[in-house]
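Colleague: Hey, dropping coords.csv in here, CSV, C-alpha atoms:
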```csv
chain,number,residue,atom,x,y,z
A,11,MET,CA,5.5,-16.2,-76.3
A,12,ASP,CA,7.3,-18.0,-79.2
A,13,LEU,CA,7.3,-21.8,-79.4
A,14,ILE,CA,10.9,-22.3,-78.1
A,15,SER,CA,10.3,-20.1,-75.1
A,16,GLU,CA,7.0,-21.9,-74.4
A,17,LYS,CA,8.7,-25.3,-74.5
A,18,MET,CA,11.5,-24.1,-72.2
A,19,ARG,CA,9.0,-22.6,-69.7
A,20,CYS,CA,7.1,-25.9,-69.4
A,21,SER,CA,10.1,-28.2,-69.1
A,22,VAL,CA,11.8,-29.7,-66.0
A,23,VAL,CA,15.5,-30.5,-65.8
A,24,GLY,CA,17.2,-32.4,-63.0
A,25,ILE,CA,20.9,-31.6,-62.2
A,26,ALA,CA,22.7,-34.4,-60.3
A,27,GLY,CA,25.7,-32.7,-58.6
A,28,LEU,CA,26.4,-29.0,-58.3
A,29,GLY,CA,30.2,-28.9,-58.9
A,30,GLY,CA,32.0,-27.7,-62.0
A,31,LEU,CA,29.6,-29.2,-64.5
A,32,GLY,CA,26.3,-28.8,-62.5
A,33,SER,CA,26.8,-25.2,-61.4
A,34,ASN,CA,27.6,-24.2,-65.0
A,35,VAL,CA,24.7,-26.2,-66.5
A,36,ALA,CA,22.2,-24.8,-63.9
A,37,ILE,CA,23.2,-21.2,-64.7
A,38,ALA,CA,23.1,-21.7,-68.5
A,39,LEU,CA,19.6,-23.2,-68.3
A,40,ALA,CA,18.5,-20.5,-66.0
A,41,ARG,CA,19.6,-17.8,-68.5
A,42,ALA,CA,17.9,-19.9,-71.2
A,43,ASP,CA,14.7,-19.4,-69.1
A,44,ILE,CA,14.0,-23.0,-68.2
A,45,GLY,CA,10.7,-23.5,-66.3
A,46,ARG,CA,11.9,-25.6,-63.4
A,47,LEU,CA,15.2,-27.1,-62.1
A,48,ILE,CA,15.6,-29.9,-59.6
A,49,VAL,CA,19.1,-29.5,-58.2
A,50,ALA,CA,20.8,-32.0,-55.8
A,51,ASP,CA,24.1,-32.1,-54.0
A,52,PHE,CA,25.2,-33.0,-50.5
A,53,ASP,CA,28.3,-30.8,-50.4
A,54,LYS,CA,29.3,-27.3,-49.2
A,55,VAL,CA,31.2,-24.6,-51.2
A,56,GLU,CA,34.9,-24.7,-50.6
A,57,LYS,CA,37.6,-22.2,-51.5
A,58,GLY,CA,39.2,-24.8,-53.9
A,59,ASN,CA,35.9,-24.9,-55.9
A,60,LEU,CA,36.0,-21.3,-57.0
A,61,ASN,CA,38.6,-22.0,-59.7
A,62,ARG,CA,35.8,-23.5,-61.9
A,63,GLN,CA,32.5,-23.6,-60.1
A,64,GLN,CA,29.8,-20.8,-60.2
A,65,TYR,CA,29.9,-19.6,-56.6
A,66,PHE,CA,31.4,-16.6,-54.8
A,67,ILE,CA,33.9,-16.0,-52.0
A,68,ASP,CA,31.2,-15.0,-49.5
A,69,GLN,CA,29.5,-18.4,-50.1
A,70,ILE,CA,32.3,-20.5,-48.8
A,71,GLY,CA,31.1,-22.9,-46.1
A,72,LYS,CA,27.4,-22.7,-47.2
A,73,SER,CA,25.5,-25.6,-48.9
A,74,LYS,CA,25.9,-25.7,-52.7
A,75,VAL,CA,22.1,-26.3,-53.1
A,76,ASP,CA,21.3,-23.1,-51.1
A,77,CYS,CA,24.0,-21.0,-52.9
A,78,MET,CA,22.8,-22.2,-56.3
A,79,ILE,CA,19.2,-21.3,-55.5
A,80,GLU,CA,20.4,-17.9,-54.4
A,81,ASN,CA,22.5,-17.3,-57.5
A,82,ILE,CA,19.8,-18.4,-59.9
A,83,GLY,CA,17.3,-16.2,-58.1
A,84,ARG,CA,19.6,-13.2,-58.8
A,85,ILE,CA,19.9,-14.1,-62.5
A,86,ASN,CA,16.3,-15.2,-63.4
A,87,PRO,CA,13.8,-15.2,-60.6
A,88,ASP,CA,11.2,-16.8,-62.9
A,89,VAL,CA,12.9,-20.2,-62.7
A,90,ARG,CA,11.4,-22.5,-60.1
A,91,VAL,CA,14.3,-24.2,-58.3
A,92,GLU,CA,13.7,-27.2,-56.1
A,93,GLY,CA,16.8,-28.1,-54.0
A,94,HIS,CA,17.7,-31.5,-52.5
A,95,GLN,CA,20.5,-31.5,-50.0
A,96,VAL,CA,21.1,-35.2,-50.3
A,97,LYS,CA,23.7,-37.8,-51.3
A,98,LEU,CA,22.2,-39.3,-54.5
A,99,SER,CA,22.0,-43.1,-54.9
A,100,ALA,CA,20.3,-45.7,-57.0
A,101,ASP,CA,17.6,-45.8,-54.3
A,102,ASN,CA,16.6,-42.1,-54.2
A,103,ILE,CA,17.4,-40.9,-57.8
A,104,PRO,CA,14.0,-42.1,-59.3
A,105,SER,CA,12.1,-40.2,-56.6
A,106,VAL,CA,14.2,-37.0,-56.4
A,107,PHE,CA,14.1,-36.6,-60.2
A,108,ALA,CA,10.6,-38.1,-60.8
A,109,ASP,CA,9.3,-35.0,-62.6
A,110,ALA,CA,12.4,-34.4,-64.7
A,111,ASP,CA,12.2,-34.6,-68.5
A,112,VAL,CA,16.0,-34.6,-68.8
A,113,ILE,CA,18.6,-35.3,-66.1
A,114,ALA,CA,22.2,-33.8,-66.3
A,115,GLU,CA,24.8,-36.2,-64.8
A,116,CYS,CA,27.3,-33.8,-63.1
A,117,PHE,CA,29.2,-36.1,-60.8
A,118,ASP,CA,32.9,-36.4,-60.3
A,119,LEU,CA,33.6,-40.1,-59.7
A,120,ALA,CA,33.4,-42.6,-62.6
A,121,ARG,CA,31.5,-45.2,-60.6
A,122,GLU,CA,28.9,-42.6,-59.7
A,123,LYS,CA,28.5,-41.6,-63.3
A,124,GLN,CA,28.0,-45.3,-64.1
A,125,MET,CA,25.4,-45.6,-61.3
A,126,ILE,CA,23.2,-42.7,-62.3
A,127,VAL,CA,23.2,-43.6,-66.0
A,128,GLU,CA,22.3,-47.2,-65.2
A,129,THR,CA,19.6,-46.1,-62.8
A,130,VAL,CA,17.9,-43.7,-65.1
A,131,LEU,CA,18.0,-46.2,-68.0
A,132,THR,CA,16.7,-49.2,-66.0
A,133,LYS,CA,14.6,-47.7,-63.2
A,134,MET,CA,13.0,-44.7,-64.8
A,135,GLN,CA,10.6,-44.8,-67.8
A,136,ARG,CA,10.8,-41.5,-69.5
A,137,ALA,CA,13.7,-39.2,-68.5
A,138,ILE,CA,16.7,-38.7,-70.8
A,139,ILE,CA,20.2,-38.7,-69.2
A,140,VAL,CA,22.9,-36.4,-70.5
A,141,SER,CA,26.2,-37.5,-69.1
A,142,VAL,CA,29.9,-36.5,-69.3
A,143,SER,CA,33.1,-38.6,-69.6
A,144,GLY,CA,36.4,-36.9,-70.4
A,145,LEU,CA,36.7,-33.2,-69.6
A,146,ALA,CA,39.9,-32.8,-67.6
A,147,GLY,CA,43.0,-30.9,-68.7
A,148,TYR,CA,43.0,-27.8,-71.0
A,149,GLY,CA,42.8,-27.0,-74.7
A,150,LYS,CA,41.5,-29.6,-77.2
A,151,SER,CA,38.1,-28.0,-77.2
A,152,ASN,CA,37.0,-29.7,-80.4
A,153,GLU,CA,37.7,-33.2,-78.9
A,154,ILE,CA,34.7,-32.7,-76.6
A,155,GLN,CA,31.8,-34.1,-78.5
A,156,THR,CA,28.1,-34.7,-78.0
A,157,ARG,CA,26.9,-38.2,-79.0
A,158,ARG,CA,23.6,-40.0,-78.8
A,159,ILE,CA,24.3,-43.5,-77.6
A,160,SER,CA,20.7,-44.6,-77.4
A,161,PRO,CA,17.2,-42.9,-77.4
A,162,ARG,CA,17.5,-41.9,-73.7
A,163,PHE,CA,21.3,-41.6,-73.3
A,164,ILE,CA,23.4,-38.7,-74.6
A,165,LEU,CA,27.1,-38.7,-73.8
A,166,ILE,CA,29.4,-35.7,-73.8
A,167,GLY,CA,33.2,-35.5,-73.5
A,168,ASP,CA,36.4,-36.8,-75.2
A,169,GLY,CA,36.0,-40.2,-73.6
A,170,GLN,CA,39.5,-40.3,-72.1
A,171,SER,CA,40.6,-37.2,-70.3
A,172,GLY,CA,40.0,-38.2,-66.6
A,173,VAL,CA,41.1,-36.1,-63.7
A,174,ASP,CA,43.1,-39.2,-62.6
A,175,THR,CA,45.4,-39.1,-65.7
A,176,CYS,CA,45.2,-35.3,-66.6
A,177,LYS,CA,45.7,-34.2,-62.9
A,178,ILE,CA,43.9,-30.9,-63.4
A,179,LEU,CA,40.4,-29.5,-64.0
A,180,THR,CA,40.3,-26.1,-65.6
A,181,ALA,CA,37.4,-23.7,-65.7
A,182,PRO,CA,37.3,-23.3,-69.5
A,183,ARG,CA,37.4,-27.0,-70.4
A,184,VAL,CA,34.8,-27.9,-67.7
A,185,ALA,CA,32.7,-25.0,-69.0
A,186,VAL,CA,33.0,-26.3,-72.6
A,187,ALA,CA,31.6,-29.7,-71.5
A,188,ALA,CA,28.9,-28.1,-69.3
A,189,ALA,CA,27.9,-25.9,-72.3
A,190,HIS,CA,27.6,-29.1,-74.5
A,191,GLN,CA,25.3,-30.5,-71.8
A,192,ALA,CA,23.1,-27.5,-71.5
A,193,ASN,CA,23.0,-27.1,-75.3
A,194,ALA,CA,22.0,-30.7,-75.8
A,195,ILE,CA,19.3,-30.3,-73.2
A,196,VAL,CA,17.9,-27.2,-74.9
A,197,GLU,CA,17.9,-29.1,-78.2
A,198,LEU,CA,16.1,-32.1,-76.6
A,199,ILE,CA,13.4,-29.8,-75.1
A,200,VAL,CA,12.8,-27.9,-78.3
A,201,GLU,CA,13.0,-30.8,-80.8
A,202,LYS,CA,12.5,-34.1,-79.1
A,203,ILE,CA,10.4,-34.0,-76.0
A,204,VAL,CA,6.6,-33.9,-76.6
A,205,LYS,CA,4.5,-32.3,-73.9
B,17,MET,CA,35.4,-67.0,-86.8
B,18,ASP,CA,33.1,-65.6,-84.0
B,19,THR,CA,32.7,-61.9,-84.0
B,20,LEU,CA,31.2,-59.1,-81.9
B,21,LYS,CA,30.5,-55.5,-83.0
B,22,ILE,CA,31.8,-53.3,-80.2
B,23,ASN,CA,31.1,-49.6,-80.4
B,24,GLY,CA,30.4,-50.0,-84.1
B,25,GLN,CA,33.7,-51.8,-84.9
B,26,GLU,CA,33.8,-55.5,-85.7
B,27,LYS,CA,36.1,-57.6,-83.5
B,28,GLN,CA,37.1,-61.1,-84.4
B,29,PHE,CA,37.9,-63.8,-81.8
B,30,PRO,CA,40.1,-66.9,-82.6
B,31,THR,CA,38.6,-70.3,-81.8
B,32,GLY,CA,38.4,-70.8,-78.0
B,33,LYS,CA,38.9,-67.1,-77.2
B,34,PHE,CA,35.3,-65.9,-77.6
B,35,PRO,CA,34.2,-64.4,-74.2
B,36,VAL,CA,31.5,-66.5,-72.5
B,37,THR,CA,30.0,-63.5,-70.7
B,38,LEU,CA,30.0,-59.8,-70.8
B,39,ALA,CA,32.2,-59.8,-67.6
B,40,ASP,CA,34.7,-62.0,-69.5
B,41,LEU,CA,34.7,-59.5,-72.4
B,42,LEU,CA,35.4,-56.6,-70.1
B,43,GLY,CA,38.2,-58.6,-68.5
B,44,GLN,CA,39.8,-59.3,-71.9
B,45,LEU,CA,39.6,-55.6,-72.8
B,46,GLY,CA,41.1,-54.7,-69.4
B,47,VAL,CA,38.1,-52.4,-68.5
B,48,GLU,CA,36.9,-52.0,-64.9
B,49,ALA,CA,33.2,-53.0,-64.8
B,50,ALA,CA,32.3,-50.4,-62.1
B,51,THR,CA,33.0,-47.7,-64.7
B,52,VAL,CA,31.0,-49.2,-67.6
B,53,VAL,CA,27.5,-48.8,-68.9
B,54,ALA,CA,26.8,-51.6,-71.4
B,55,GLU,CA,24.1,-52.1,-74.0
B,56,LEU,CA,23.7,-55.5,-75.7
B,57,ASP,CA,21.7,-55.4,-79.0
B,58,GLY,CA,20.1,-52.1,-77.8
B,59,GLN,CA,19.2,-53.4,-74.4
B,60,ILE,CA,20.8,-51.9,-71.3
B,61,ILE,CA,22.5,-54.6,-69.1
B,62,GLU,CA,22.7,-53.8,-65.4
B,63,ARG,CA,26.3,-54.0,-64.0
B,64,GLU,CA,25.4,-56.7,-61.5
B,65,LYS,CA,24.2,-58.9,-64.4
B,66,PHE,CA,27.5,-58.7,-66.4
B,67,ALA,CA,28.7,-62.0,-65.1
B,68,GLN,CA,25.5,-63.8,-66.0
B,69,THR,CA,25.0,-62.3,-69.4
B,70,GLU,CA,26.1,-64.8,-72.1
B,71,LEU,CA,27.5,-63.5,-75.4
B,72,HIS,CA,26.8,-64.9,-78.8
B,73,SER,CA,28.6,-64.3,-82.1
B,74,GLU,CA,27.5,-61.3,-84.2
B,75,GLN,CA,25.9,-59.4,-81.2
B,76,ASN,CA,26.1,-55.7,-81.1
B,77,ILE,CA,27.6,-54.2,-78.0
B,78,GLU,CA,27.9,-50.5,-76.9
B,79,LEU,CA,30.4,-50.0,-74.0
B,80,VAL,CA,30.5,-46.6,-72.5
B,81,ARG,CA,33.5,-46.2,-70.1
B,82,PHE,CA,33.4,-43.3,-67.6
B,83,VAL,CA,36.5,-41.4,-66.5
B,84,PRO,CA,36.4,-39.2,-63.4
B,85,GLY,CA,36.0,-35.4,-63.4
B,86,GLY,CA,33.1,-33.0,-63.1
```
Take the structure from the file and write it as structure tokens.
Modeller:
Amino acid sequence: MDLISEKMRCSVVGIAGLGGLGSNVAIALARADIGRLIVADFDKVEKGNLNRQQYFIDQIGKSKVDCMIENIGRINPDVRVEGHQVKLSADNIPSVFADADVIAECFDLAREKQMIVETVLTKMQRAIIVSVSGLAGYGKSNEIQTRRISPRFILIGDGQSGVDTCKILTAPRVAVAAAHQANAIVELIVEKIVK
Amino acid sequence: MDTLKINGQEKQFPTGKFPVTLADLLGQLGVEAATVVAELDGQIIEREKFAQTELHSEQNIELVRFVPGG
């Protein structure tokens, strides 16, 4: 096994939220042969999710956590996926993601994005948070950027396109942001995290 | 004149307008605190401490504002 594959196999990534961002990040990392994923979401798959989230018609009504475990199993059964059907909060994030080297923030609401970034940076010692702000609308692919704010905080997005002002989330632009997230995580695993 | 470096850009404050706390600065900028992660001289400041965190001239502030969507 080459060094990159070896580092991917022995790394643990947490995914907070399995909507448009989280479902795309999970599948990208599964295809990149990540060793272990810890996925958390409280929600069920709805018909309206299928315009951008990685689920199928016959999964409507089922828990997103169960569906994502099933879908990853069909893509790469070597990935260990640990599911948490839970509403994440400042109280349970440190324990749910205790083993994670990197955590992908994949929430929808601005105040929840704030909450998890603050929680990881103040209540956890080691994990790196990769968060997203500004991915709504369409086009402007090159305005979505990856920036390192501080040693344990990476921020992706254009910083301004909220679903409140842009009114629409589209599969391609959400996927651009999710691919930035997954790509930043692979880079961290290969180049930054020492095991 | 008192200054703060905000997201890498120097901002000058006329006499009497320098924000006393981090919460005051966010108020001046018209930014809702619930959507902001703040680092002051490289140190993360918890949101509930914004109103007690006093600012001093020439400090370096990173403000990350979150917009919804995921």
Colleague: Taking only C-alpha atoms into account, report as number ranges by chain which residues of chain A lie within 10 Å of chain B.
Modeller: A: 27-32, 62-63, 115-129, 131-132, 141-147, 159-161, 165, 167-179, 184-185, 187-188
Colleague: Using all atoms listed in the file, find the one residue out of A:Leu98, A:Ile37, A:Ala114, A:Leu60 that sits nearest to Ile79 of chain A.
Modeller: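 Closest to Ile79 of chain A of all the choices is A:Ile37.
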Colleague: Go through A:Phe163, A:Gly93, A:Leu39, A:Asp88 one by one, measure the shortest atom-to-atom distance of each to Phe52 of chain A using all atoms listed in the file, and give the residue with the smallest value.
Modeller: A:Gly93
Colleague: List as an MDAnalysis selection string the protein and nucleic acid residues near Ile48 of chain A, meaning an atom at most 10 Å away when only C-alpha atoms are counted, but skip any in the same chain fewer than 4 places from it.
Modeller: chainID A and resid 22:26 36 75 90:94 106:110 113
Colleague: What gap, in Å, lies between atom CA of Glu153 of chain A and atom CA of Ile138 of chain A?
Modeller: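 Computing the Euclidean distance for atom CA of Glu153 of chain A and atom CA of Ile138 of chain A yields 23.2 Å.
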Colleague: For Gln28 of chain B, please output as a list in words all residues within 10 Å (counting only C-alpha atoms; exclusion window: fewer than 3 positions along the same chain).
Modeller: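 Selected residues are Met17, Asp18, Thr19, Leu20, Lys21, Gln25, Thr31, Lys33, Phe34, Ser73 and Glu74 of chain B.
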Colleague: Go ahead and dump the residues you just picked, C-alpha atoms, as a CSV table (one decimal), in the frame of the given file.
Modeller:
```
chain,number,residue,atom,x,y,z
B,17,MET,CA,35.4,-67.0,-86.8
B,18,ASP,CA,33.1,-65.6,-84.0
B,19,THR,CA,32.7,-61.9,-84.0
B,20,LEU,CA,31.2,-59.1,-81.9
B,21,LYS,CA,30.5,-55.5,-83.0
B,25,GLN,CA,33.7,-51.8,-84.9
B,31,THR,CA,38.6,-70.3,-81.8
B,33,LYS,CA,38.9,-67.1,-77.2
B,34,PHE,CA,35.3,-65.9,-77.6
B,73,SER,CA,28.6,-64.3,-82.1
B,74,GLU,CA,27.5,-61.3,-84.2
```
Colleague: Closest to Val200 of chain A among A:Glu80, A:Asp53, A:Asp111, A:Asp68, using all atoms listed in the file?
Modeller: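 Of the candidates, the smallest distance to Val200 of chain A is held by A:Asp111.
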Colleague: Could you jot down the atom CA of Gly58 of chain A to atom CA of Ile70 of chain A separation for me, Å, one decimal place?
Modeller: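 Separation of atom CA of Gly58 of chain A and atom CA of Ile70 of chain A: 9.6 Å.
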Colleague: For the atom pair atom CA of Ile139 of chain A and atom CA of Thr156 of chain A, what is the interatomic distance in Å to one decimal place?
Modeller: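 So the two atoms, atom CA of Ile139 of chain A and atom CA of Thr156 of chain A, lie 12.5 Å apart.
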Colleague: Name the closest residue to Asn193 of chain A among the candidates A:Asp76, A:Lys57, A:Ala38, A:Asp12; distances are taken between atoms, counting all atoms listed in the file.
Modeller: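 Closest to Asn193 of chain A, using all atoms listed in the file: A:Ala38.
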Colleague: Pick out the residues sitting within 9 Å of Ala42 of chain A, and hand them over as a PDB file with C-alpha atoms, in the coordinates of the input; count all atoms listed in the file, and ignore anything fewer than 6 positions along from it in its own chain.
Modeller:
```pdb
ATOM      1  CA  SER A  15      10.300 -20.100 -75.100  1.00  0.00           C
ATOM      2  CA  MET A  18      11.500 -24.100 -72.200  1.00  0.00           C
ATOM      3  CA  VAL A 196      17.900 -27.200 -74.900  1.00  0.00           C
TER       4      VAL A 196
END
```
Colleague: When you count only C-alpha atoms, which of these residues is closest to Lys150 of chain A: A:Val49, A:Ile203, A:Ala194, A:Val186?
Modeller: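 For Lys150 of chain A, the nearest of the candidates is A:Val186.
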Colleague: Have a look at A:Thr180, A:Ala50, A:Gly71, A:Ile199 and name the one nearest to Ile103 of chain A; count only C-alpha atoms.
Modeller: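 Smallest separation from Ile103 of chain A among the options: A:Ala50.
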Colleague: Report, as JSON, the axis-aligned box around all atoms of segment 152-156 of chain A present in the file, extended by 5 Å on each side; give centre and edge lengths in Å to one decimal place.
Modeller:
```
{"center_x": 32.9, "center_y": -32.2, "center_z": -78.5, "size_x": 19.6, "size_y": 15.0, "size_z": 13.8}
```
Colleague: Do a neighbour search on Phe66 of chain A at 10 Å with all atoms listed in the file, toss out local chain neighbours closer than 5 positions, and write the hits as a count of residues only.
Modeller: 7
